[in-house]
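The structure appears below as structure tokens.
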Amino acid sequence: MLKYLRWFLLPFSWLYGLVILTRNWCYDAGIFKSHSFNIPVISVGNLDVGGAGKSPMTEYLIRLLKNNHKLATLSRGYGRKTQGFLKATQASTATEIGDEPAQFKQKFPDITVAVCESRVAGINQLKANIDLVILDDAYQHRAVKPGLSILLFDYSRIFEPHFMLPAGNLREPFGGIKRANIIIISKCPHTLADAEQQAIVQRIKPLANQSVFFTAINYSSLYPVNSRAGTTQIDKDTVVFIITGIANPAPLLNHVKKQAKQVIHHNYPDHHQFTLKNITKLADEFLACPADKKLILTTEKDIQRLREHELVAGFKQLPLWVLPIEVQFLNNNQAGFNNIIQNYVRQYKANRQLH
């Protein structure tokens, strides 16, 4: 059925693709203005909808650069109920600034985290007090011309047809890949074979000036959200209830299923605004479960929305844990990636001082 629906939607995809192609041509031809800035600007994004690992990559860049630079992240603030330019505080909620910016500020309180629908306006607000901007989910935001663009592809979807929305998942035609300086195939198996890596490279056909990296997910240690979480860890006797509102929970589920006796998943759409009804349903199922060892697990992005004031009471008596993730580079290529990023920042500053 899905296959036939995709063919039915293709004319709408062609129309949408034509609109996006025309828009991109206008930017490339200078009809629409792309703004450059006198500070390093690194963009992190993807071509398709859904989770390709942009947030973990943004966090990787923060860790790499924050000790030597006055750094800011700038996002649209997807899902927030505010408008305009806002700087985050540690008290900022997902409703105010979006879940991913809230996550960045919670994990890196010493950096500047800001949101603005217009990245141009946002950078103009920030540039007097910082010397480096990381744009999260901004590959299609052509009004800014970043100095370095990082484009991510989810390994599990790399061989899907290159169909535009709504028949497929692409936000823009696949030719948009040419704007990237770095291409990252994310969420790969840790043991990805060389032959498959070569097949992926053949699939995406990078330009000679584009660097390609493969990364996997590393899961860090669980941490508790409240005192009710106790000291329980996941093992073969544990029943794990997972609540997520992310684009692709499959890697998380696969990871937990390798360790737990049973996994019960409460699955919601990406950026879902959790309700008391959602929490009550989860709590009722959890309390009815007869297992001696059981816990509730969520992601770093989801906990930002689960911390909304009206939901906190629903979790107060439940053992809620968070499972963080980090990026791991395959093929011992972490140093190569780091060098590209750090050289860009250094060369940008050197070039700026000459002019």
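Lettering and numbering for the structure tokens are positional, with chains as A, B, ... in the shown order, residues counted from 1 in each chain, and ligands counted from 1 in the shown order.
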
Legend entry - Spatial neighbours of Asp270 of chain A, max dist 12 Å, only C-alpha atoms, sep filter under 5 positions, as a list in words: Val49, Gly50, Gly51, Tyr78, Gly79, Asp99, Glu100, Ile243, Thr244, Gly245, Ile246, Ala247, Asn248, Pro249, Thr299, Lys301, Asp302 and Arg305 of chain A

Inset, instruction - Pick out each residue of segment 219-301 of chain A that DSSP on the backbone tags as strand (DSSP E); I need them as a list in words. - result: Tyr219, Tyr223, Pro224, Thr238, Val239, Val240, Phe241, Ile242, Ile243, Thr244, Gln262, Val263, Ile264, His265, His266, Asn267, Lys293, Lys294, Leu295, Ile296, Leu297 and Thr298 of chain A

The selected residues should be written to file as a compact mmCIF listing (two decimals), in the first residue's frame (atoms: C-alpha atoms).
# COMPACT_ATOMS: atom_id res chain seq x y z
CA TYR A 219 25.72 5.05 24.54
CA TYR A 223 21.72 8.92 34.81
CA PRO A 224 18.67 9.32 37.08
CA THR A 238 15.03 -5.88 33.91
CA VAL A 239 11.81 -4.79 32.22
CA VAL A 240 12.43 -1.43 30.55
CA PHE A 241 9.67 1.00 29.67
CA ILE A 242 10.88 3.47 27.03
CA ILE A 243 9.11 6.74 26.21
CA THR A 244 10.30 8.66 23.15
CA GLN A 262 11.66 -7.05 28.01
CA VAL A 263 11.22 -3.64 26.38
CA ILE A 264 7.87 -1.84 26.30
CA HIS A 265 7.98 1.20 24.02
CA HIS A 266 5.66 4.21 24.28
CA ASN A 267 6.39 5.73 20.90
CA LYS A 293 13.30 -5.04 38.39
CA LYS A 294 11.83 -2.38 36.16
CA LEU A 295 12.58 1.20 35.15
CA ILE A 296 11.54 3.93 32.72
CA LEU A 297 14.01 5.18 30.15
CA THR A 298 14.03 8.19 27.85

Legend entry - Backbone DSSP call of alpha helix (DSSP H) for segment 60-119 of chain A, listed as a list of chain:residue names: A:Tyr60, A:Leu61, A:Ile62, A:Arg63, A:Leu64, A:Leu65, A:Ala94, A:Thr95, A:Glu96, A:Ile97, A:Asp99, A:Glu100, A:Pro101, A:Ala102, A:Gln103, A:Phe104, A:Lys105, A:Gln106, A:Lys107, A:Arg119

Expected file contents, prior selection, C-alpha atoms, as an mmCIF file, in the first residue's frame:
data_model
loop_
_atom_site.group_PDB
_atom_site.id
_atom_site.type_symbol
_atom_site.label_atom_id
_atom_site.label_comp_id
_atom_site.auth_asym_id
_atom_site.auth_seq_id
_atom_site.Cartn_x
_atom_site.Cartn_y
_atom_site.Cartn_z
ATOM 1 C CA TYR A 60 30.592 16.916 19.480
ATOM 2 C CA LEU A 61 31.540 20.261 17.917
ATOM 3 C CA ILE A 62 30.758 22.075 21.172
ATOM 4 C CA ARG A 63 33.087 19.770 23.120
ATOM 5 C CA LEU A 64 35.799 20.182 20.491
ATOM 6 C CA LEU A 65 35.690 23.979 20.366
ATOM 7 C CA ALA A 94 11.450 23.265 25.696
ATOM 8 C CA THR A 95 8.229 25.264 25.353
ATOM 9 C CA GLU A 96 10.248 28.483 25.419
ATOM 10 C CA ILE A 97 13.234 27.560 23.242
ATOM 11 C CA ASP A 99 13.899 20.707 23.091
ATOM 12 C CA GLU A 100 17.307 20.568 21.394
ATOM 13 C CA PRO A 101 18.451 24.066 22.458
ATOM 14 C CA ALA A 102 17.249 23.270 25.992
ATOM 15 C CA GLN A 103 19.342 20.095 25.871
ATOM 16 C CA PHE A 104 22.443 22.033 24.753
ATOM 17 C CA LYS A 105 22.066 24.578 27.553
ATOM 18 C CA GLN A 106 21.548 21.911 30.210
ATOM 19 C CA LYS A 107 24.669 20.020 29.121
ATOM 20 C CA ARG A 119 19.502 32.834 11.425
#

Legend entry - Contacts of Pro173 of chain A at 10 Å (only C-alpha atoms; same-chain gap of 5+ positions) as number ranges by chain: A: 13-14, 16-18, 20-21, 24, 47-48, 162-165

For the selection just defined, write its residues with C-alpha atoms to a file, as a PDB file, in the first residue's frame.
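Contents of result.pdb, as written:
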ATOM      1  CA  SER A  13       6.910  15.788  -5.021  1.00  0.00           C
ATOM      2  CA  TRP A  14       7.842  17.035  -8.491  1.00  0.00           C
ATOM      3  CA  TYR A  16       7.621  20.715  -4.460  1.00  0.00           C
ATOM      4  CA  GLY A  17      11.019  19.863  -5.937  1.00  0.00           C
ATOM      5  CA  LEU A  18      10.549  22.480  -8.666  1.00  0.00           C
ATOM      6  CA  ILE A  20      12.899  24.212  -4.039  1.00  0.00           C
ATOM      7  CA  LEU A  21      15.096  24.049  -7.151  1.00  0.00           C
ATOM      8  CA  ASN A  24      18.080  27.369  -4.593  1.00  0.00           C
ATOM      9  CA  LEU A  47      18.793  16.643   3.287  1.00  0.00           C
ATOM     10  CA  ASP A  48      15.933  14.515   4.546  1.00  0.00           C
ATOM     11  CA  HIS A 162      15.854   9.929  -3.651  1.00  0.00           C
ATOM     12  CA  PHE A 163      12.233  11.095  -3.611  1.00  0.00           C
ATOM     13  CA  MET A 164      11.191  14.544  -2.464  1.00  0.00           C
ATOM     14  CA  LEU A 165       8.451  15.182   0.052  1.00  0.00           C
TER      15      LEU A 165
END

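Within 12 Å of Val144 of chain A, once only C-alpha atoms are used and residues closer than 6 positions along the same chain are dropped, the contacting residues are Tyr27, Phe32, Lys33, Ser34, His35, Ser36, Phe37, Pro40, Val41, Ile42, Ser43, Leu74, Ser118, Arg119, Val120, Ala121, Gly122, Ile123, Asn124, Val133, Ile134, Leu135 and Ala138 of chain A.
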
Print the selection's residues with C-alpha atoms to a file, as an mmCIF file, in the first residue's frame.
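Output contents, as saved in out_39.cif:
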data_model
loop_
_atom_site.group_PDB
_atom_site.id
_atom_site.type_symbol
_atom_site.label_atom_id
_atom_site.label_comp_id
_atom_site.auth_asym_id
_atom_site.auth_seq_id
_atom_site.Cartn_x
_atom_site.Cartn_y
_atom_site.Cartn_z
ATOM 1 C CA TYR A 27 20.279 31.957 -4.028
ATOM 2 C CA PHE A 32 18.161 36.058 -3.129
ATOM 3 C CA LYS A 33 20.934 37.239 -0.809
ATOM 4 C CA SER A 34 23.058 34.815 1.202
ATOM 5 C CA HIS A 35 24.738 36.605 4.084
ATOM 6 C CA SER A 36 28.336 35.946 5.092
ATOM 7 C CA PHE A 37 29.795 36.963 8.446
ATOM 8 C CA PRO A 40 33.397 31.369 11.687
ATOM 9 C CA VAL A 41 29.956 29.850 11.065
ATOM 10 C CA ILE A 42 29.567 26.055 10.994
ATOM 11 C CA SER A 43 26.280 24.597 9.765
ATOM 12 C CA LEU A 74 21.863 29.010 17.071
ATOM 13 C CA SER A 118 15.958 34.107 11.084
ATOM 14 C CA ARG A 119 19.502 32.834 11.425
ATOM 15 C CA VAL A 120 20.755 36.098 9.880
ATOM 16 C CA ALA A 121 19.043 38.151 12.588
ATOM 17 C CA GLY A 122 20.244 35.683 15.209
ATOM 18 C CA ILE A 123 23.898 35.890 14.182
ATOM 19 C CA ASN A 124 23.691 39.682 14.055
ATOM 20 C CA VAL A 133 28.557 30.123 15.729
ATOM 21 C CA ILE A 134 27.305 26.566 15.236
ATOM 22 C CA LEU A 135 24.021 26.476 13.317
ATOM 23 C CA ALA A 138 20.317 24.919 9.060
#

Within 9 Å of segment 53-58 of chain A, which residues of segment 154-214 of chain A show up? Give each one with its shortest atom-to-atom distance in Å (one decimal) and the two atoms involved, counting only C-alpha atoms, rows by chain then rising residue number, as JSON lines.
{"residue": "A:Asp154", "atom": "CA", "partner": "A:Gly53", "partner_atom": "CA", "distance": 7.5}
{"residue": "A:Ser186", "atom": "CA", "partner": "A:Gly53", "partner_atom": "CA", "distance": 6.5}
{"residue": "A:Lys187", "atom": "CA", "partner": "A:Gly53", "partner_atom": "CA", "distance": 7.4}

For the residues in that selection, give me C-alpha atoms as a compact mmCIF listing (two decimals), in the first residue's frame.
# COMPACT_ATOMS: atom_id res chain seq x y z
CA ASP A 154 21.36 8.21 8.40
CA SER A 186 25.77 8.55 10.90
CA LYS A 187 24.45 5.72 13.10

Inset, instruction - Go through A:Gly84, A:Ile340, A:Gly314, A:Phe12 and flag the residue nearest Ala167 of chain A, using only C-alpha atoms for the distances. - result: A:Phe12

Who sits within 10 Å of Pro206 of chain A, only C-alpha atoms, same chain under 3 positions skipped, as a JSON list (two decimals) with N, CA and C atoms, in the first residue's frame:
[["chain", "number", "residue", "atom", "x", "y", "z"],
["A", 177, "ILE", "N", 23.49, 18.16, -2.10],
["A", 177, "ILE", "CA", 24.67, 17.64, -1.43],
["A", 177, "ILE", "C", 25.93, 18.41, -1.80],
["A", 178, "LYS", "N", 25.91, 19.04, -2.96],
["A", 178, "LYS", "CA", 27.13, 19.72, -3.45],
["A", 178, "LYS", "C", 27.54, 20.90, -2.57],
["A", 180, "ALA", "N", 27.84, 20.86, 0.63],
["A", 180, "ALA", "CA", 28.50, 20.40, 1.86],
["A", 180, "ALA", "C", 30.01, 20.39, 1.71],
["A", 181, "ASN", "N", 30.71, 20.73, 2.78],
["A", 181, "ASN", "CA", 32.15, 20.54, 2.85],
["A", 181, "ASN", "C", 32.50, 19.17, 3.43],
["A", 182, "ILE", "N", 31.69, 18.73, 4.40],
["A", 182, "ILE", "CA", 31.90, 17.45, 5.07],
["A", 182, "ILE", "C", 30.60, 16.66, 4.99],
["A", 183, "ILE", "N", 30.70, 15.39, 4.63],
["A", 183, "ILE", "CA", 29.54, 14.49, 4.59],
["A", 183, "ILE", "C", 29.77, 13.40, 5.63],
["A", 201, "VAL", "N", 29.79, 5.27, -0.49],
["A", 201, "VAL", "CA", 30.46, 6.39, -1.17],
["A", 201, "VAL", "C", 30.02, 6.45, -2.63],
["A", 202, "GLN", "N", 29.92, 5.28, -3.28],
["A", 202, "GLN", "CA", 29.45, 5.25, -4.66],
["A", 202, "GLN", "C", 28.01, 5.74, -4.75],
["A", 203, "ARG", "N", 27.22, 5.47, -3.75],
["A", 203, "ARG", "CA", 25.81, 5.90, -3.74],
["A", 203, "ARG", "C", 25.69, 7.41, -3.67],
["A", 209, "ASN", "N", 36.30, 17.68, -3.54],
["A", 209, "ASN", "CA", 36.66, 18.55, -2.41],
["A", 209, "ASN", "C", 35.84, 18.24, -1.15],
["A", 210, "GLN", "N", 35.06, 17.19, -1.18],
["A", 210, "GLN", "CA", 34.23, 16.85, -0.03],
["A", 210, "GLN", "C", 34.82, 15.67, 0.75],
["A", 211, "SER", "N", 34.89, 15.82, 2.06],
["A", 211, "SER", "CA", 35.41, 14.76, 2.93],
["A", 211, "SER", "C", 34.24, 13.93, 3.45],
["A", 212, "VAL", "N", 34.38, 12.60, 3.45],
["A", 212, "VAL", "CA", 33.33, 11.70, 3.92],
["A", 212, "VAL", "C", 33.81, 10.96, 5.16]]

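Using only C-alpha atoms, the nearest neighbour of Ile303 of chain A within the list A:Pro166, A:Gly77, A:Gly98, A:Pro290 is A:Gly98.
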
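Compared by their closest atoms to Glu308 of chain A, and using only C-alpha atoms, the residues A:Leu320, A:Cys188, A:Leu126, A:Ala91 rank with A:Ala91 nearest.
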
Legend entry - Separation of atom CA of Pro251 of chain A from atom CA of Ser221 of chain A, in Å and rounded to one decimal: 15.9 Å

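Shortest atom-to-atom contact with Arg179 of chain A among A:Gln125, A:Asn46, A:Thr93, A:Thr22: A:Asn46, counting only C-alpha atoms.
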
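Using only C-alpha atoms, the smallest distance between any of A:Ala143, A:Leu252, A:Val115, A:Ala29 and Lys81 of chain A comes from A:Val115.
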